[in-house]
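Listing of start_19.csv; format and content: CSV, C-alpha atoms.
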```csv
chain,number,residue,atom,x,y,z
A,942,VAL,CA,137.9,73.2,141.1
A,943,LYS,CA,138.2,72.8,137.4
A,944,ILE,CA,137.9,75.6,134.8
A,945,THR,CA,137.5,75.2,131.1
A,946,PRO,CA,139.1,76.7,129.0
A,947,THR,CA,142.3,76.1,131.0
A,948,GLU,CA,145.0,78.6,132.0
A,949,GLY,CA,146.9,79.9,129.0
A,950,SER,CA,144.6,78.6,126.3
A,951,ALA,CA,144.8,80.6,123.1
A,952,LYS,CA,142.6,80.6,120.0
A,953,VAL,CA,139.6,79.5,122.0
A,954,SER,CA,136.5,79.3,119.7
A,955,PRO,CA,134.1,82.1,120.6
A,956,ASP,CA,131.2,79.7,120.6
A,957,LYS,CA,132.7,77.7,123.4
A,958,LYS,CA,131.2,77.9,126.9
A,959,ILE,CA,133.2,78.7,130.0
A,960,VAL,CA,132.5,75.8,132.4
A,961,VAL,CA,133.5,75.7,136.1
A,962,THR,CA,133.0,72.5,138.2
A,963,ALA,CA,133.7,71.7,141.8
A,964,ALA,CA,134.2,68.3,143.3
A,965,GLY,CA,133.4,67.6,147.0
A,966,GLY,CA,131.7,71.0,147.7
A,967,ALA,CA,129.7,73.8,146.2
A,968,LEU,CA,130.9,76.8,144.2
A,969,GLU,CA,130.6,80.0,146.3
A,970,ASP,CA,131.6,82.5,143.7
A,971,VAL,CA,132.5,82.6,140.0
A,972,THR,CA,133.6,85.8,138.2
A,973,VAL,CA,134.5,86.1,134.6
A,974,ALA,CA,135.9,89.4,133.3
A,975,ALA,CA,136.9,90.7,129.8
A,976,GLY,CA,138.3,94.0,130.6
A,977,ASP,CA,135.6,96.0,132.4
A,978,GLU,CA,132.8,93.7,131.2
A,979,GLN,CA,131.5,90.9,133.5
A,980,ILE,CA,130.2,87.7,131.9
A,981,GLU,CA,127.1,86.1,133.4
A,982,GLY,CA,126.5,82.5,133.9
A,983,ARG,CA,124.2,79.9,135.5
A,984,TYR,CA,124.7,77.4,138.4
A,985,ASN,CA,123.2,74.0,138.5
A,986,ALA,CA,120.9,73.0,141.4
A,987,ASP,CA,123.6,72.0,143.9
A,988,LYS,CA,126.0,74.7,142.7
A,989,THR,CA,128.7,72.3,141.7
A,990,ARG,CA,128.7,73.5,138.0
A,991,TRP,CA,128.6,77.0,136.5
A,992,VAL,CA,128.2,77.6,132.7
A,993,SER,CA,128.5,81.0,130.9
A,994,LYS,CA,125.3,82.2,129.3
A,995,THR,CA,126.5,84.5,126.5
A,996,PRO,CA,128.8,83.9,123.6
A,997,LEU,CA,132.4,85.0,124.0
A,998,LYS,CA,133.9,87.9,122.0
A,999,PRO,CA,136.5,87.0,119.4
A,1000,SER,CA,140.1,88.3,119.9
A,1001,THR,CA,139.4,89.0,123.6
A,1002,ASP,CA,141.3,88.2,126.9
A,1003,TYR,CA,139.2,86.5,129.6
A,1004,ALA,CA,140.0,86.1,133.3
A,1005,VAL,CA,138.1,83.5,135.4
A,1006,THR,CA,138.2,83.2,139.2
A,1007,ALA,CA,136.3,80.5,141.1
A,1008,LYS,CA,136.0,79.8,144.8
A,1009,ALA,CA,134.8,76.7,146.6
A,1010,GLY,CA,135.5,76.5,150.3
A,1011,ALA,CA,139.2,77.0,150.9
A,1012,THR,CA,140.0,76.5,147.2
A,1013,THR,CA,140.4,79.2,144.6
A,1014,ALA,CA,141.2,78.5,141.0
A,1015,THR,CA,141.9,80.9,138.1
A,1016,SER,CA,142.2,80.7,134.4
A,1017,ALA,CA,143.3,83.3,131.9
A,1018,PHE,CA,142.7,82.6,128.2
A,1019,ARG,CA,142.3,84.3,124.8
A,1020,THR,CA,139.6,83.7,122.2
A,1021,ALA,CA,140.6,83.2,118.6
A,1022,LYS,CA,140.6,85.9,115.9
A,1023,PRO,CA,137.9,84.9,113.4
A,1024,GLN,CA,139.0,84.1,109.9
A,1025,ARG,CA,136.2,86.5,108.8
A,1026,ALA,CA,134.4,89.1,110.9
A,1027,LEU,CA,130.6,89.3,110.6
A,1028,GLN,CA,129.0,92.7,111.0
A,1029,ILE,CA,125.8,94.6,110.1
A,1030,ILE,CA,126.7,97.3,107.7
A,1031,ASP,CA,123.2,98.7,107.2
A,1032,VAL,CA,119.7,98.8,108.7
A,1033,THR,CA,117.0,100.5,106.6
A,1034,PRO,CA,114.9,102.5,107.2
A,1035,ASN,CA,116.8,104.0,110.1
A,1036,ALA,CA,118.0,107.6,109.3
A,1037,LYS,CA,118.8,109.8,112.3
A,1038,GLY,CA,115.6,111.3,113.7
A,1039,GLU,CA,113.4,109.5,111.2
A,1040,THR,CA,109.7,108.7,111.7
A,1041,LEU,CA,108.4,105.7,109.9
A,1042,GLY,CA,105.1,104.5,108.4
A,1043,VAL,CA,103.1,101.6,109.7
A,1044,GLY,CA,104.1,99.4,106.8
A,1045,ALA,CA,107.9,99.8,107.3
A,1046,PRO,CA,110.1,96.8,107.0
A,1047,ILE,CA,113.4,96.3,108.9
A,1048,ILE,CA,116.0,95.5,106.2
A,1049,VAL,CA,119.3,94.2,107.6
A,1050,THR,CA,122.4,93.9,105.5
A,1051,PHE,CA,125.5,91.9,106.5
A,1052,ASN,CA,129.1,92.5,105.3
A,1053,GLN,CA,129.6,88.7,104.7
A,1054,PRO,CA,127.5,85.9,103.3
A,1055,VAL,CA,125.8,84.1,106.2
A,1056,ALA,CA,125.7,80.3,106.0
A,1057,SER,CA,124.3,79.6,109.5
A,1058,LYS,CA,121.2,81.6,108.9
A,1059,ALA,CA,119.1,80.1,111.8
A,1060,THR,CA,121.9,80.8,114.3
A,1061,ILE,CA,122.2,84.4,113.2
A,1062,GLU,CA,118.4,85.0,112.9
A,1063,ARG,CA,118.0,83.8,116.5
A,1064,ALA,CA,120.3,86.7,117.5
A,1065,LEU,CA,118.1,89.3,115.8
A,1066,GLU,CA,115.6,90.7,118.3
A,1067,VAL,CA,112.6,93.0,117.6
A,1068,ASP,CA,110.9,94.5,120.7
A,1069,ALA,CA,107.9,96.8,120.0
A,1070,GLU,CA,106.1,98.8,122.6
A,1071,LYS,CA,102.9,97.6,121.0
A,1072,PRO,CA,103.9,94.1,119.9
A,1073,VAL,CA,102.6,92.4,116.8
A,1074,GLU,CA,103.5,89.1,115.1
A,1075,GLY,CA,106.4,89.4,112.6
A,1076,ALA,CA,109.0,87.3,110.8
A,1077,TRP,CA,112.3,87.5,109.1
A,1078,ARG,CA,112.8,86.5,105.5
A,1079,TRP,CA,116.3,86.0,103.9
A,1080,VAL,CA,116.3,87.4,100.4
A,1081,ASP,CA,119.9,86.4,99.8
A,1082,ASP,CA,122.9,85.3,101.9
A,1083,THR,CA,123.7,88.9,103.1
A,1084,LYS,CA,120.2,90.4,103.6
A,1085,ALA,CA,117.3,89.6,106.0
A,1086,ILE,CA,114.1,91.5,106.1
A,1087,TYR,CA,111.6,91.7,109.0
A,1088,ARG,CA,107.9,92.2,108.2
A,1089,THR,CA,105.0,92.2,110.5
A,1090,ALA,CA,101.9,90.1,109.9
A,1091,LYS,CA,99.7,93.2,110.1
A,1092,TYR,CA,100.7,96.9,110.0
A,1093,TRP,CA,102.6,98.2,113.0
A,1094,PRO,CA,100.3,99.9,115.5
A,1095,ALA,CA,100.9,103.7,115.1
A,1096,HIS,CA,102.8,106.0,117.4
A,1097,GLN,CA,105.3,103.8,119.2
A,1098,LYS,CA,109.0,102.9,119.4
A,1099,VAL,CA,110.4,99.6,118.2
A,1100,LYS,CA,113.8,98.4,119.3
A,1101,PHE,CA,116.0,96.3,117.1
A,1102,ASN,CA,118.9,94.4,118.7
A,1103,ALA,CA,121.4,92.2,116.8
A,1104,ARG,CA,123.3,90.3,119.5
A,1105,ILE,CA,125.7,88.7,117.0
A,1106,THR,CA,129.0,89.1,118.8
A,1107,GLY,CA,130.6,85.7,119.1
A,1108,ILE,CA,127.8,84.0,117.1
A,1109,LYS,CA,129.0,81.7,114.4
A,1110,GLY,CA,127.7,82.7,111.0
A,1111,GLY,CA,129.6,80.1,108.9
A,1112,LYS,CA,132.9,78.4,108.7
A,1113,GLY,CA,135.5,80.7,110.3
A,1114,LEU,CA,132.8,83.5,110.4
A,1115,TYR,CA,131.9,85.1,113.7
A,1116,GLY,CA,130.0,88.2,114.7
A,1117,THR,CA,132.4,90.8,116.1
A,1118,LYS,CA,130.0,93.7,116.9
A,1119,ASP,CA,126.4,94.0,118.1
A,1120,TYR,CA,124.0,96.5,116.5
A,1121,THR,CA,121.2,98.4,118.2
A,1122,ALA,CA,118.6,100.7,116.7
A,1123,THR,CA,115.4,102.4,118.0
A,1124,LEU,CA,112.8,102.9,115.3
A,1125,LYS,CA,110.0,105.4,115.7
A,1126,ILE,CA,106.6,104.5,114.1
A,1127,GLY,CA,104.5,107.6,113.5
A,1128,ALA,CA,101.0,108.2,112.3
A,1129,LYS,CA,99.1,105.5,110.3
A,1130,GLN,CA,99.2,107.1,106.9
A,1131,ILE,CA,97.4,105.1,104.2
A,1132,SER,CA,96.9,106.4,100.7
A,1133,LYS,CA,94.4,104.8,98.3
A,1134,VAL,CA,94.6,105.3,94.6
A,1135,ASP,CA,92.0,104.2,92.0
A,1136,THR,CA,93.3,104.6,88.5
A,1137,ARG,CA,89.8,104.2,87.1
A,1138,THR,CA,88.3,107.1,89.1
A,1139,LYS,CA,91.7,108.9,88.9
A,1140,ARG,CA,91.5,109.9,92.6
A,1141,MET,CA,93.9,109.5,95.5
A,1142,TYR,CA,92.7,109.7,99.1
A,1143,VAL,CA,95.1,110.1,102.0
A,1144,TYR,CA,94.1,109.0,105.5
A,1145,GLN,CA,96.0,109.7,108.7
A,1146,ASP,CA,95.1,107.7,111.7
A,1147,GLY,CA,91.8,106.8,110.0
A,1148,LYS,CA,90.8,110.3,109.1
A,1149,ARG,CA,90.8,111.5,105.4
A,1150,VAL,CA,93.1,114.5,105.2
A,1151,GLN,CA,93.6,114.9,101.5
A,1152,THR,CA,91.7,114.3,98.2
A,1153,MET,CA,93.7,114.5,95.1
A,1154,ARG,CA,92.9,114.3,91.4
A,1155,ILE,CA,95.6,112.2,89.8
A,1156,SER,CA,96.7,110.9,86.4
A,1157,ALA,CA,98.2,107.4,86.3
A,1158,GLY,CA,100.0,105.3,83.6
A,1159,MET,CA,98.6,105.5,80.1
A,1160,ALA,CA,98.7,101.6,79.9
A,1161,THR,CA,99.6,101.5,76.2
A,1162,THR,CA,102.4,99.1,77.1
A,1163,ARG,CA,103.2,97.1,80.2
A,1164,GLU,CA,106.0,99.5,81.0
A,1165,TYR,CA,103.5,102.4,81.0
A,1166,THR,CA,101.0,100.6,83.2
A,1167,THR,CA,100.9,101.6,86.9
A,1168,THR,CA,101.3,98.6,89.1
A,1169,SER,CA,98.3,97.6,91.3
A,1170,GLY,CA,98.9,96.4,94.9
A,1171,VAL,CA,100.2,97.5,98.2
A,1172,HIS,CA,103.2,99.8,97.8
A,1173,LEU,CA,105.4,101.5,100.5
A,1174,THR,CA,106.9,104.9,100.2
A,1175,MET,CA,110.7,104.3,99.9
A,1176,GLU,CA,112.4,107.7,99.4
A,1177,ARG,CA,111.8,111.2,98.2
A,1178,GLY,CA,113.6,113.8,96.1
A,1179,ASN,CA,113.0,117.3,95.0
A,1180,PRO,CA,113.7,117.3,92.1
A,1181,VAL,CA,114.3,113.8,90.7
A,1182,ARG,CA,115.8,113.3,87.3
A,1183,MET,CA,113.6,110.8,85.3
A,1184,ILE,CA,115.0,109.2,82.1
A,1185,SER,CA,113.0,106.8,79.9
A,1186,PRO,CA,114.4,103.2,80.5
A,1187,GLY,CA,115.9,101.4,77.5
A,1188,ARG,CA,115.6,104.4,75.2
A,1189,LYS,CA,118.2,106.6,73.6
A,1190,LYS,CA,117.9,110.3,72.8
A,1191,GLY,CA,115.9,110.6,69.5
A,1192,ASP,CA,114.0,107.3,70.1
A,1193,PRO,CA,110.2,107.5,70.1
A,1194,GLY,CA,109.0,108.0,73.7
A,1195,TYR,CA,112.4,109.2,75.0
A,1196,TYR,CA,112.3,111.6,77.9
A,1197,ASP,CA,114.8,113.1,80.3
A,1198,VAL,CA,113.1,115.5,82.7
A,1199,MET,CA,113.5,116.9,86.2
A,1200,ILE,CA,110.4,116.2,88.4
A,1201,ASN,CA,109.5,118.1,91.6
A,1202,HIS,CA,108.3,116.6,94.9
A,1203,ALA,CA,108.7,113.0,93.9
A,1204,VAL,CA,108.1,110.1,96.3
A,1205,ARG,CA,109.3,106.7,95.2
A,1206,ILE,CA,106.9,103.7,95.6
A,1207,SER,CA,108.6,101.0,93.6
A,1208,ASN,CA,111.9,100.1,91.9
A,1209,SER,CA,110.4,100.1,88.5
A,1210,GLY,CA,110.3,103.8,88.3
A,1211,GLU,CA,107.0,104.6,90.0
A,1212,TYR,CA,106.6,107.8,92.0
A,1213,VAL,CA,103.8,110.0,93.4
A,1214,HIS,CA,105.0,113.4,92.1
A,1215,ALA,CA,104.1,116.9,91.1
A,1216,LYS,CA,103.0,117.8,87.5
A,1217,ASN,CA,101.2,120.8,86.2
A,1218,ASN,CA,98.9,118.5,84.3
A,1219,VAL,CA,95.6,119.6,85.6
A,1220,TRP,CA,93.8,119.1,82.3
A,1221,ALA,CA,94.4,115.3,82.7
A,1222,GLN,CA,94.3,114.9,86.5
A,1223,GLY,CA,90.9,113.3,87.4
A,1224,VAL,CA,90.1,112.9,83.7
A,1225,ARG,CA,92.7,110.8,81.8
A,1226,ASN,CA,95.6,108.5,82.6
A,1227,VAL,CA,98.5,109.9,80.5
A,1228,SER,CA,101.7,109.2,82.5
A,1229,HIS,CA,104.5,106.7,81.9
A,1230,GLY,CA,103.4,104.8,85.0
A,1231,CYS,CA,103.8,107.3,87.8
A,1232,ILE,CA,101.0,108.9,89.8
A,1233,ASN,CA,101.1,112.6,89.1
A,1234,ALA,CA,99.1,115.2,91.1
A,1235,ARG,CA,98.6,119.0,91.2
A,1236,PRO,CA,101.9,120.6,92.3
A,1237,ASP,CA,100.6,122.0,95.6
A,1238,GLN,CA,99.0,118.7,96.6
A,1239,ALA,CA,102.1,116.7,95.6
A,1240,LYS,CA,104.2,119.1,97.7
A,1241,TRP,CA,101.8,118.4,100.6
A,1242,PHE,CA,102.2,114.7,100.1
A,1243,PHE,CA,106.0,115.0,99.9
A,1244,ASP,CA,106.1,117.1,103.1
A,1245,ASN,CA,104.0,114.7,105.0
A,1246,VAL,CA,105.3,111.4,103.9
A,1247,GLN,CA,107.1,108.9,106.2
A,1248,ARG,CA,109.2,106.1,104.7
A,1249,GLY,CA,107.1,103.0,105.0
A,1250,ASP,CA,103.7,104.7,104.5
A,1251,VAL,CA,101.2,102.6,102.6
A,1252,VAL,CA,100.1,103.5,99.1
A,1253,THR,CA,97.4,101.0,97.8
A,1254,ILE,CA,96.7,101.2,94.1
A,1255,VAL,CA,93.8,99.5,92.3
A,1256,GLY,CA,92.4,99.5,88.8
A,1257,THR,CA,95.2,98.1,86.5
A,1258,ASN,CA,96.0,94.7,85.2
A,1259,ARG,CA,99.7,94.9,86.2
A,1260,GLU,CA,100.4,93.5,89.7
A,1261,LEU,CA,103.2,94.9,91.8
A,1262,GLU,CA,105.8,92.1,92.4
A,1263,TRP,CA,106.6,91.4,96.0
A,1264,ASN,CA,110.3,92.2,95.4
A,1265,ASN,CA,109.8,95.3,93.3
A,1266,GLY,CA,111.0,97.9,95.8
A,1267,TRP,CA,109.4,97.4,99.1
A,1268,GLY,CA,106.4,95.4,97.7
A,1269,TYR,CA,106.6,93.0,100.6
A,1270,TRP,CA,102.9,93.3,101.5
A,1271,GLN,CA,102.1,91.7,98.2
A,1272,MET,CA,103.1,88.4,99.6
A,1273,SER,CA,100.9,86.6,102.2
A,1274,PHE,CA,102.4,86.4,105.6
A,1275,LYS,CA,102.1,82.7,105.5
A,1276,GLU,CA,104.3,82.7,102.4
A,1277,TRP,CA,106.6,85.4,103.8
A,1278,LYS,CA,107.4,83.2,106.8
A,1279,LYS,CA,108.7,80.4,104.5
A,1280,GLY,CA,111.8,82.6,104.0
A,1281,SER,CA,112.7,82.4,107.7
A,1282,ALA,CA,115.5,80.1,108.8
A,1283,LEU,CA,113.5,79.6,112.0
A,1284,ASN,CA,110.2,78.7,110.3
A,1285,GLY,CA,108.9,82.2,111.0
A,1286,LYS,CA,109.4,82.1,114.8
A,1287,ALA,CA,111.0,85.5,115.2
```

How does this structure look as structure tokens?
Amino acid sequence: VKITPTEGSAKVSPDKKIVVTAAGGALEDVTVAAGDEQIEGRYNADKTRWVSKTPLKPSTDYAVTAKAGATTATSAFRTAKPQRALQIIDVTPNAKGETLGVGAPIIVTFNQPVASKATIERALEVDAEKPVEGAWRWVDDTKAIYRTAKYWPAHQKVKFNARITGIKGGKGLYGTKDYTATLKIGAKQISKVDTRTKRMYVYQDGKRVQTMRISAGMATTREYTTTSGVHLTMERGNPVRMISPGRKKGDPGYYDVMINHAVRISNSGEYVHAKNNVWAQGVRNVSHGCINARPDQAKWFFDNVQRGDVVTIVGTNRELEWNNGWGYWQMSFKEWKKGSALNGKA
């Protein structure tokens, strides 16, 4: 009976397989333990060969015992400490107890730049109770984003598993810790804004639940033009301090104000928020680009919003960029998949 890695081996690469072979007979039993954890493997057809199925953990002691007839063989070895440890440092949106909207992405951030993106992407699993097609897109070397082809079906749980322990992410870079999260998808909340009619309609699971008179961007400059397209709600604050970008105190158009019940829908400063501006709402677009609504209705929206809810805006000549906030639905799914290291086969 032969075991690889051999007895006493040190600094074994975590991406190596444990291989046990028997000559002149079949293997009856192979056990591999790392502390309390048992490592699974597969036999070949005539049980003369056994190979481990999962990657090995870095900096870990392993003990192998194999039996074939009257022969018992053992091997104790230690895997190498990686030069660099790869871990997931953030998954968004994933706050404790959070319920998400049907447009929600899964944004995964790593602590180190990933060179072997296909290898790591293969270890990222998304398992939904109501499955839909989806794909990862790498936006840089440390961040991958999962988006579905169509909105998540409402009212379900989605499990995210990153089985990266022992997976090679680059030269001297190995995953050292798995990551698991359960995401809860809530009601299908879709808001539709028309800057021409100055109305916002909110639908929950297909039923209209709110009609709001709004005022959008005054559109005197590109900066003051509300972006058209499919937005997602990203965060909320009450109040939120809003300061005019690129202007100093005393400059024309300067403002520094505290705004109540504000829900962010882009990174270029757009919110759905409260404003006691009823003379303009439903009549004129006078904002700096945000969607403002009557204070009681804006509070209702704030109280009922889920991160990842969809806010579709039409009526302006400024398109939301796909990478402006969570504007990911602005990109076709066909194009989105091109950012996958596995050709979109998630």

Segment 1102-1129 of chain A residues near segment 1021-1045 of chain A within 6 Å, closest pair each, using only C-alpha atoms, as CSV:
```
residue,atom,partner,partner_atom,distance
A:Gly1113,CA,A:Gln1024,CA,4.9
A:Leu1114,CA,A:Arg1025,CA,4.8
A:Tyr1115,CA,A:Leu1027,CA,5.4
A:Gly1116,CA,A:Leu1027,CA,4.3
A:Thr1117,CA,A:Ala1026,CA,5.8
A:Lys1125,CA,A:Thr1040,CA,5.2
A:Ile1126,CA,A:Leu1041,CA,4.7
A:Gly1127,CA,A:Thr1040,CA,5.6
A:Lys1129,CA,A:Val1043,CA,5.6
```

Keeping C-alpha atoms, export the residues of the selection given above as a PDB file, in the coordinates of the input.
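Wrote out_20.pdb, looks like this:
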```
ATOM      1  CA  GLY A1113     135.500  80.700 110.300  1.00  0.00           C
ATOM      2  CA  LEU A1114     132.800  83.500 110.400  1.00  0.00           C
ATOM      3  CA  TYR A1115     131.900  85.100 113.700  1.00  0.00           C
ATOM      4  CA  GLY A1116     130.000  88.200 114.700  1.00  0.00           C
ATOM      5  CA  THR A1117     132.400  90.800 116.100  1.00  0.00           C
ATOM      6  CA  LYS A1125     110.000 105.400 115.700  1.00  0.00           C
ATOM      7  CA  ILE A1126     106.600 104.500 114.100  1.00  0.00           C
ATOM      8  CA  GLY A1127     104.500 107.600 113.500  1.00  0.00           C
ATOM      9  CA  LYS A1129      99.100 105.500 110.300  1.00  0.00           C
TER      10      LYS A1129
END
```

Exercise for the section: In the coordinate frame of the file, compute which residues have an atom within 7 Å of (102.3, 91.4, 106.3) when using only C-alpha atoms, and state them as a PyMOL selection string. Expected result: chain A and resi 1088-1092+1270+1273-1274

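With distances restricted to all atoms listed in the file, A:Thr1253 is the closest residue to Ser1132 of chain A from A:Thr1167, A:Thr1253, A:Ser950, A:Gln1238.
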
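Between Ala974 of chain A and the candidates A:Lys957, A:Tyr1120, A:Thr962, A:Ser1016, the tightest atom-to-atom separation, counting all atoms listed in the file, involves A:Ser1016.
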
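With all atoms listed in the file as the atoms that count, the residue of A:Val1067, A:Leu997, A:Val1005, A:Ala1157 with the shortest distance to Lys1118 of chain A is A:Leu997.
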
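Closest approach to Ala1239 of chain A among A:Gly1191, A:Gly1178, A:Leu1261, A:Tyr1196 is made by A:Gly1178 (distances from only C-alpha atoms).
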
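In this comparison, which uses all atoms listed in the file, the residue of A:Lys1189, A:Asn985, A:Ser1209, A:Lys1112 approaching Glu1262 of chain A most closely is A:Ser1209.
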
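One distance worth recording is that between atom CA of Ala1059 of chain A and atom CA of Ile959 of chain A, which is 23.1 Å.
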
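If you measure from each of A:Met1272, A:Val942, A:Ala967, A:Val961 to Ser993 of chain A using all atoms listed in the file, the closest one turns out to be A:Val961.
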
Practice task
Write out as a ChimeraX atom specification which residues come within 12 Å of Trp991 of chain A when counting all atoms listed in the file, dropping same-chain ones fewer than 3 positions away.
Solution key: /A:942-945,958-963,967-973,980-988,994,1005-1009

Would you write out those residues with C-alpha atoms, as a PDB file, in the frame of the given file?
```pdb
ATOM      1  CA  VAL A 942     137.900  73.200 141.100  1.00  0.00           C
ATOM      2  CA  LYS A 943     138.200  72.800 137.400  1.00  0.00           C
ATOM      3  CA  ILE A 944     137.900  75.600 134.800  1.00  0.00           C
ATOM      4  CA  THR A 945     137.500  75.200 131.100  1.00  0.00           C
ATOM      5  CA  LYS A 958     131.200  77.900 126.900  1.00  0.00           C
ATOM      6  CA  ILE A 959     133.200  78.700 130.000  1.00  0.00           C
ATOM      7  CA  VAL A 960     132.500  75.800 132.400  1.00  0.00           C
ATOM      8  CA  VAL A 961     133.500  75.700 136.100  1.00  0.00           C
ATOM      9  CA  THR A 962     133.000  72.500 138.200  1.00  0.00           C
ATOM     10  CA  ALA A 963     133.700  71.700 141.800  1.00  0.00           C
ATOM     11  CA  ALA A 967     129.700  73.800 146.200  1.00  0.00           C
ATOM     12  CA  LEU A 968     130.900  76.800 144.200  1.00  0.00           C
ATOM     13  CA  GLU A 969     130.600  80.000 146.300  1.00  0.00           C
ATOM     14  CA  ASP A 970     131.600  82.500 143.700  1.00  0.00           C
ATOM     15  CA  VAL A 971     132.500  82.600 140.000  1.00  0.00           C
ATOM     16  CA  THR A 972     133.600  85.800 138.200  1.00  0.00           C
ATOM     17  CA  VAL A 973     134.500  86.100 134.600  1.00  0.00           C
ATOM     18  CA  ILE A 980     130.200  87.700 131.900  1.00  0.00           C
ATOM     19  CA  GLU A 981     127.100  86.100 133.400  1.00  0.00           C
ATOM     20  CA  GLY A 982     126.500  82.500 133.900  1.00  0.00           C
ATOM     21  CA  ARG A 983     124.200  79.900 135.500  1.00  0.00           C
ATOM     22  CA  TYR A 984     124.700  77.400 138.400  1.00  0.00           C
ATOM     23  CA  ASN A 985     123.200  74.000 138.500  1.00  0.00           C
ATOM     24  CA  ALA A 986     120.900  73.000 141.400  1.00  0.00           C
ATOM     25  CA  ASP A 987     123.600  72.000 143.900  1.00  0.00           C
ATOM     26  CA  LYS A 988     126.000  74.700 142.700  1.00  0.00           C
ATOM     27  CA  LYS A 994     125.300  82.200 129.300  1.00  0.00           C
ATOM     28  CA  VAL A1005     138.100  83.500 135.400  1.00  0.00           C
ATOM     29  CA  THR A1006     138.200  83.200 139.200  1.00  0.00           C
ATOM     30  CA  ALA A1007     136.300  80.500 141.100  1.00  0.00           C
ATOM     31  CA  LYS A1008     136.000  79.800 144.800  1.00  0.00           C
ATOM     32  CA  ALA A1009     134.800  76.700 146.600  1.00  0.00           C
TER      33      ALA A1009
END
```

Practice task
For the point (98.0, 96.6, 89.4) in the file's frame, write as a PyMOL selection string all residues with an atom no more than 8 Å away, counting all atoms listed in the file.
Solution key: chain A and resi 1166-1170+1254-1261

Practice task
Please identify all polymer residues within 6 Å of segment 1218-1230 of chain A, counting only C-alpha atoms, omitting same-chain residues fewer than 3 positions from it, and present them as a count of residues only.
Solution key: 10
